[in-house]
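K.L.:
One structure, as structure tokens, below. Some questions next.
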Amino acid sequence: MAYRVLGRAGPPQPRRARRLLFAFTLSLSCTYLCYNLLCCCDDLGRSRLLGAPRCLRGPSADGQKLQKSRPCDPLGPTPSAPAAAVPRPRLPASSNLSGSTRLGTKRLPQALIVGVKKGGTRAVLEFIRVHPDVRALGTEPHFFDRNYGRGLDWYRNLMPRTLASQITLEKTPSYFVTQEAPRRIFNMSRDTKLIVVVRNPVTRAISDYTQTLSKKPDIPTFEGLSFRNRTLGLVDVSWNAIRIGLYVLHLESWLQYFPLAQIHFVSGERLITDPAGEMGRVQDFLGIKRFITDKHFYFNKTKGFPCLKKTESSLLPRCLGKSKGRTHVQIDPEVIDQLREFYRPYNIKFYETVGQDFRWE
């Protein structure tokens, strides 16, 4: 009689064992493949299925285990031996590089050209922009007169990017005759440097009228706008072209907030006859080296004022636009004499206040 011994297996069956081993191996392979698809990097160094690329590390130093997954290394040329990772250089925020990546910082301006209209402010702006230590906004933002409600962040965002060693500058000539502008600029920074370009107020008024006439041909005559009663010599100071030329009255508002040493006055007349000299004084006032000199200018006889010579970055000379250098309308000499007499006491007081004689008489 044969007896079966309980608890003992029969002799091994080779075919069944091979099947079990094959199934186990296949299961491990599928698991490993799925893990690679989910967790490893593709040839672009990024996971196709996960947001952040991760890869398995190789065996640990003792050769026992796979280490935890880590972010994939960026692809590069495959060297014969593993190369040490080179950290990306961190560029300073103040770098001033051109191209698609514009580096530098947008700052509130440290200097402003605040006036006056038709005095030569555009010329001063274009001339000073030649200096490597100055970055200037090309358009007039009118922040301190029309757009103050938009806030300083809006204003700052308009500015060009600058290095820490560069000066940010903008010009809006209407600031000089805006009552609120001195206080608003002072609240931005009491250290702001102010540039005022002034010109014979009679000539300035005629230039102002000429510009307006080119846009509105139907306006009254210059004489009619200048006087309330010409026979009595009563000048109409409510007309903006006349009012702007009362420089000493506008200056009083600025001196309530800024010392005279913080305001530089440019002569519009000398800017034409001696642009290098006037710009030299502007550079001194801003505390930068005298980079702009005689070699930068030539006199344009057609326009009647100096232009910038061509530079390495520009194949053509730079002159102000067509709206600059217009031929003034002809005004009755008696009207001009009456206006000169009207402005005389204001001019003399202005000379005394700023310590300069502009010789408009």
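Chain labels run A, B, ... following the order of the structure tokens; each chain numbers its residues from 1, and ligands are numbered from 1 in the order shown.
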Enumerate the residues of region 153-262 of chain A with a DSSP assignment of alpha helix (DSSP H), computed from the backbone, and present them as a ChimeraX atom specification.
P.N.:
/A:153-158,181-188,201-215,222-226,240-243,247-255
K.L.:
Determine, counting only C-alpha atoms, which protein, DNA and RNA residues have an atom within 12 Å of an atom of Ile128 (chain A); residues of the same chain fewer than 2 positions away are not included. Present the result as a PyMOL selection string.
P.N.:
chain A and resi 111-113+121-126+130-138+167-171+195+275-276+278-284+286+288-293+296+308
K.L.:
Residues of region 89-162 of chain A within 7 Å of region 197-205 of chain A: nearest atom pair and distance (Å, one decimal) for each, counting only C-alpha atoms, sorted by chain and number, as a Markdown table?
P.N.:
| residue | atom | partner | partner_atom | distance |
| --- | --- | --- | --- | --- |
| A:Gly115 | CA | A:Val197 | CA | 5.7 |
| A:Val116 | CA | A:Val197 | CA | 5.7 |
| A:Lys118 | CA | A:Arg204 | CA | 5.9 |
| A:Gly119 | CA | A:Arg199 | CA | 5.3 |
| A:Gly120 | CA | A:Val197 | CA | 6.2 |
| A:Thr121 | CA | A:Val197 | CA | 6.0 |
K.L.:
Using only C-alpha atoms, which of A:Val354, A:Ile348, A:Arg230, A:Thr273 sits nearest Leu260 (chain A)?
P.N.:
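Once distances to Leu260 (chain A) are computed over only C-alpha atoms, the minimum belongs to A:Val354.
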K.L.:
Would you list, as a ChimeraX atom specification, the residues of region 149-325 of chain A that end up in strand (DSSP E or B) under DSSP run on this structure's backbone?
P.N.:
/A:161-162,167-171,193-198,227-229,234-235,263-267,297-300,305-308,318
K.L.:
Write to file, as a PDB file, in the first residue's frame, the residues of the selection just made, with C-alpha atoms.
P.N.:
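This is the output file selection19.pdb:
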ATOM      1  CA  ARG A 161      16.141 101.104 -18.047  1.00  0.00           C
ATOM      2  CA  THR A 162      19.358 102.463 -16.574  1.00  0.00           C
ATOM      3  CA  ILE A 167      20.881 109.402 -14.816  1.00  0.00           C
ATOM      4  CA  THR A 168      17.231 108.991 -15.791  1.00  0.00           C
ATOM      5  CA  LEU A 169      15.762 112.159 -17.318  1.00  0.00           C
ATOM      6  CA  GLU A 170      12.504 113.306 -18.882  1.00  0.00           C
ATOM      7  CA  LYS A 171      11.183 116.582 -20.251  1.00  0.00           C
ATOM      8  CA  LYS A 193      17.566 118.398 -10.381  1.00  0.00           C
ATOM      9  CA  LEU A 194      15.572 120.819 -12.521  1.00  0.00           C
ATOM     10  CA  ILE A 195      16.544 122.264 -15.892  1.00  0.00           C
ATOM     11  CA  VAL A 196      14.736 125.308 -17.309  1.00  0.00           C
ATOM     12  CA  VAL A 197      15.458 126.497 -20.855  1.00  0.00           C
ATOM     13  CA  VAL A 198      14.511 130.174 -21.170  1.00  0.00           C
ATOM     14  CA  PHE A 227      -3.484 143.054 -26.067  1.00  0.00           C
ATOM     15  CA  ARG A 228      -6.712 143.767 -24.291  1.00  0.00           C
ATOM     16  CA  ASN A 229      -6.282 147.377 -25.402  1.00  0.00           C
ATOM     17  CA  LEU A 234      -2.812 146.751 -21.833  1.00  0.00           C
ATOM     18  CA  VAL A 235      -1.290 143.333 -22.452  1.00  0.00           C
ATOM     19  CA  ILE A 263      17.653 124.654 -10.704  1.00  0.00           C
ATOM     20  CA  HIS A 264      19.788 125.226 -13.794  1.00  0.00           C
ATOM     21  CA  PHE A 265      18.809 127.826 -16.402  1.00  0.00           C
ATOM     22  CA  VAL A 266      19.829 127.304 -20.014  1.00  0.00           C
ATOM     23  CA  SER A 267      19.903 130.272 -22.373  1.00  0.00           C
ATOM     24  CA  PHE A 297      27.839 119.880 -33.505  1.00  0.00           C
ATOM     25  CA  TYR A 298      27.562 121.603 -36.831  1.00  0.00           C
ATOM     26  CA  PHE A 299      25.392 124.593 -37.734  1.00  0.00           C
ATOM     27  CA  ASN A 300      22.489 123.923 -40.097  1.00  0.00           C
ATOM     28  CA  PHE A 305      20.340 126.214 -35.384  1.00  0.00           C
ATOM     29  CA  PRO A 306      22.966 123.579 -34.529  1.00  0.00           C
ATOM     30  CA  CYS A 307      22.530 119.889 -35.269  1.00  0.00           C
ATOM     31  CA  LEU A 308      24.372 116.812 -34.080  1.00  0.00           C
ATOM     32  CA  ARG A 318      20.709 114.304 -36.376  1.00  0.00           C
TER      33      ARG A 318
END
K.L.:
Between A:Asp332, A:Ala164, A:Arg129, A:Gln356, which is the closest to Gly224 (chain A) once you count only C-alpha atoms?
P.N.:
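Result for the nearest residue to Gly224 (chain A): A:Asp332.
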K.L.:
Could you check the closest approach to Ala181 (chain A) for each of A:His250, A:Lys216, A:Arg156, A:Arg107 and tell me which residue wins, using only C-alpha atoms?
P.N.:
A:His250
K.L.:
Calculate how many Å separate CA of Glu361 (chain A) from CA of Val329 (chain A), rounding to one decimal.
P.N.:
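Pair CA of Glu361 (chain A) / CA of Val329 (chain A) returns 21.1 Å.
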K.L.:
As a ChimeraX atom specification, please: the residues near Asp191 (chain A) (cut-off 9 Å, only C-alpha atoms, same-chain neighbours under 2 positions excluded).
P.N.:
/A:110-111,186,188-189,193,258,262
K.L.:
Print the selection's residues with N, CA and C atoms to a file, as a short mmCIF file (atom, residue, chain, number, x, y, z; two decimals), in the first residue's frame.
P.N.:
data_model
loop_
_atom_site.label_atom_id
_atom_site.label_comp_id
_atom_site.auth_asym_id
_atom_site.auth_seq_id
_atom_site.Cartn_x
_atom_site.Cartn_y
_atom_site.Cartn_z
N GLN A 110 15.92 111.31 -11.97
CA GLN A 110 16.69 112.15 -11.03
C GLN A 110 16.80 113.58 -11.52
N ALA A 111 16.46 113.80 -12.79
CA ALA A 111 16.52 115.15 -13.36
C ALA A 111 15.35 115.35 -14.32
N PHE A 186 8.59 117.59 -5.65
CA PHE A 186 9.25 117.55 -4.34
C PHE A 186 8.82 116.30 -3.57
N MET A 188 7.97 113.49 -4.81
CA MET A 188 8.64 112.34 -5.41
C MET A 188 10.08 112.24 -4.91
N SER A 189 10.79 113.35 -4.98
CA SER A 189 12.16 113.39 -4.48
C SER A 189 12.60 114.84 -4.33
N LYS A 193 16.93 117.26 -9.73
CA LYS A 193 17.57 118.40 -10.38
C LYS A 193 16.66 118.89 -11.50
N PHE A 258 12.30 124.11 -3.84
CA PHE A 258 13.66 123.74 -4.25
C PHE A 258 14.59 124.94 -4.12
N GLN A 262 19.54 124.01 -7.08
CA GLN A 262 19.01 122.77 -7.67
C GLN A 262 18.28 123.03 -9.00
#
K.L.:
Rounded to one decimal, what separation in Å do you get between CA of Leu108 (chain A) and CA of Leu152 (chain A)?
P.N.:
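Result for CA of Leu108 (chain A) versus CA of Leu152 (chain A): 8.0 Å, one decimal.
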K.L.:
In Å, with one decimal, what is the gap from CA of Ile331 (chain A) to CA of Lys349 (chain A)?
P.N.:
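Between CA of Ile331 (chain A) and CA of Lys349 (chain A) the gap is 26.5 Å.
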K.L.:
List as a list in words the protein and nucleic acid residues near Arg146 (chain A), meaning an atom at most 10 Å away when only C-alpha atoms are counted, but skip any in the same chain fewer than 6 places from it.
P.N.:
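Once the adjacent positions are removed, what remains is Ser174, Tyr175 and Thr178 of chain A.
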K.L.:
Next, the residues of the selection above should be written as a short mmCIF file (atom, residue, chain, number, x, y, z; two decimals), in the first residue's frame with N, CA and C atoms.
P.N.:
data_model
loop_
_atom_site.label_atom_id
_atom_site.label_comp_id
_atom_site.auth_asym_id
_atom_site.auth_seq_id
_atom_site.Cartn_x
_atom_site.Cartn_y
_atom_site.Cartn_z
N SER A 174 5.60 122.00 -19.93
CA SER A 174 4.46 122.63 -19.26
C SER A 174 4.55 122.55 -17.74
N TYR A 175 5.47 121.75 -17.21
CA TYR A 175 5.61 121.67 -15.75
C TYR A 175 5.91 123.05 -15.16
N THR A 178 2.88 125.00 -14.32
CA THR A 178 1.82 124.26 -13.61
C THR A 178 1.97 124.47 -12.12
#
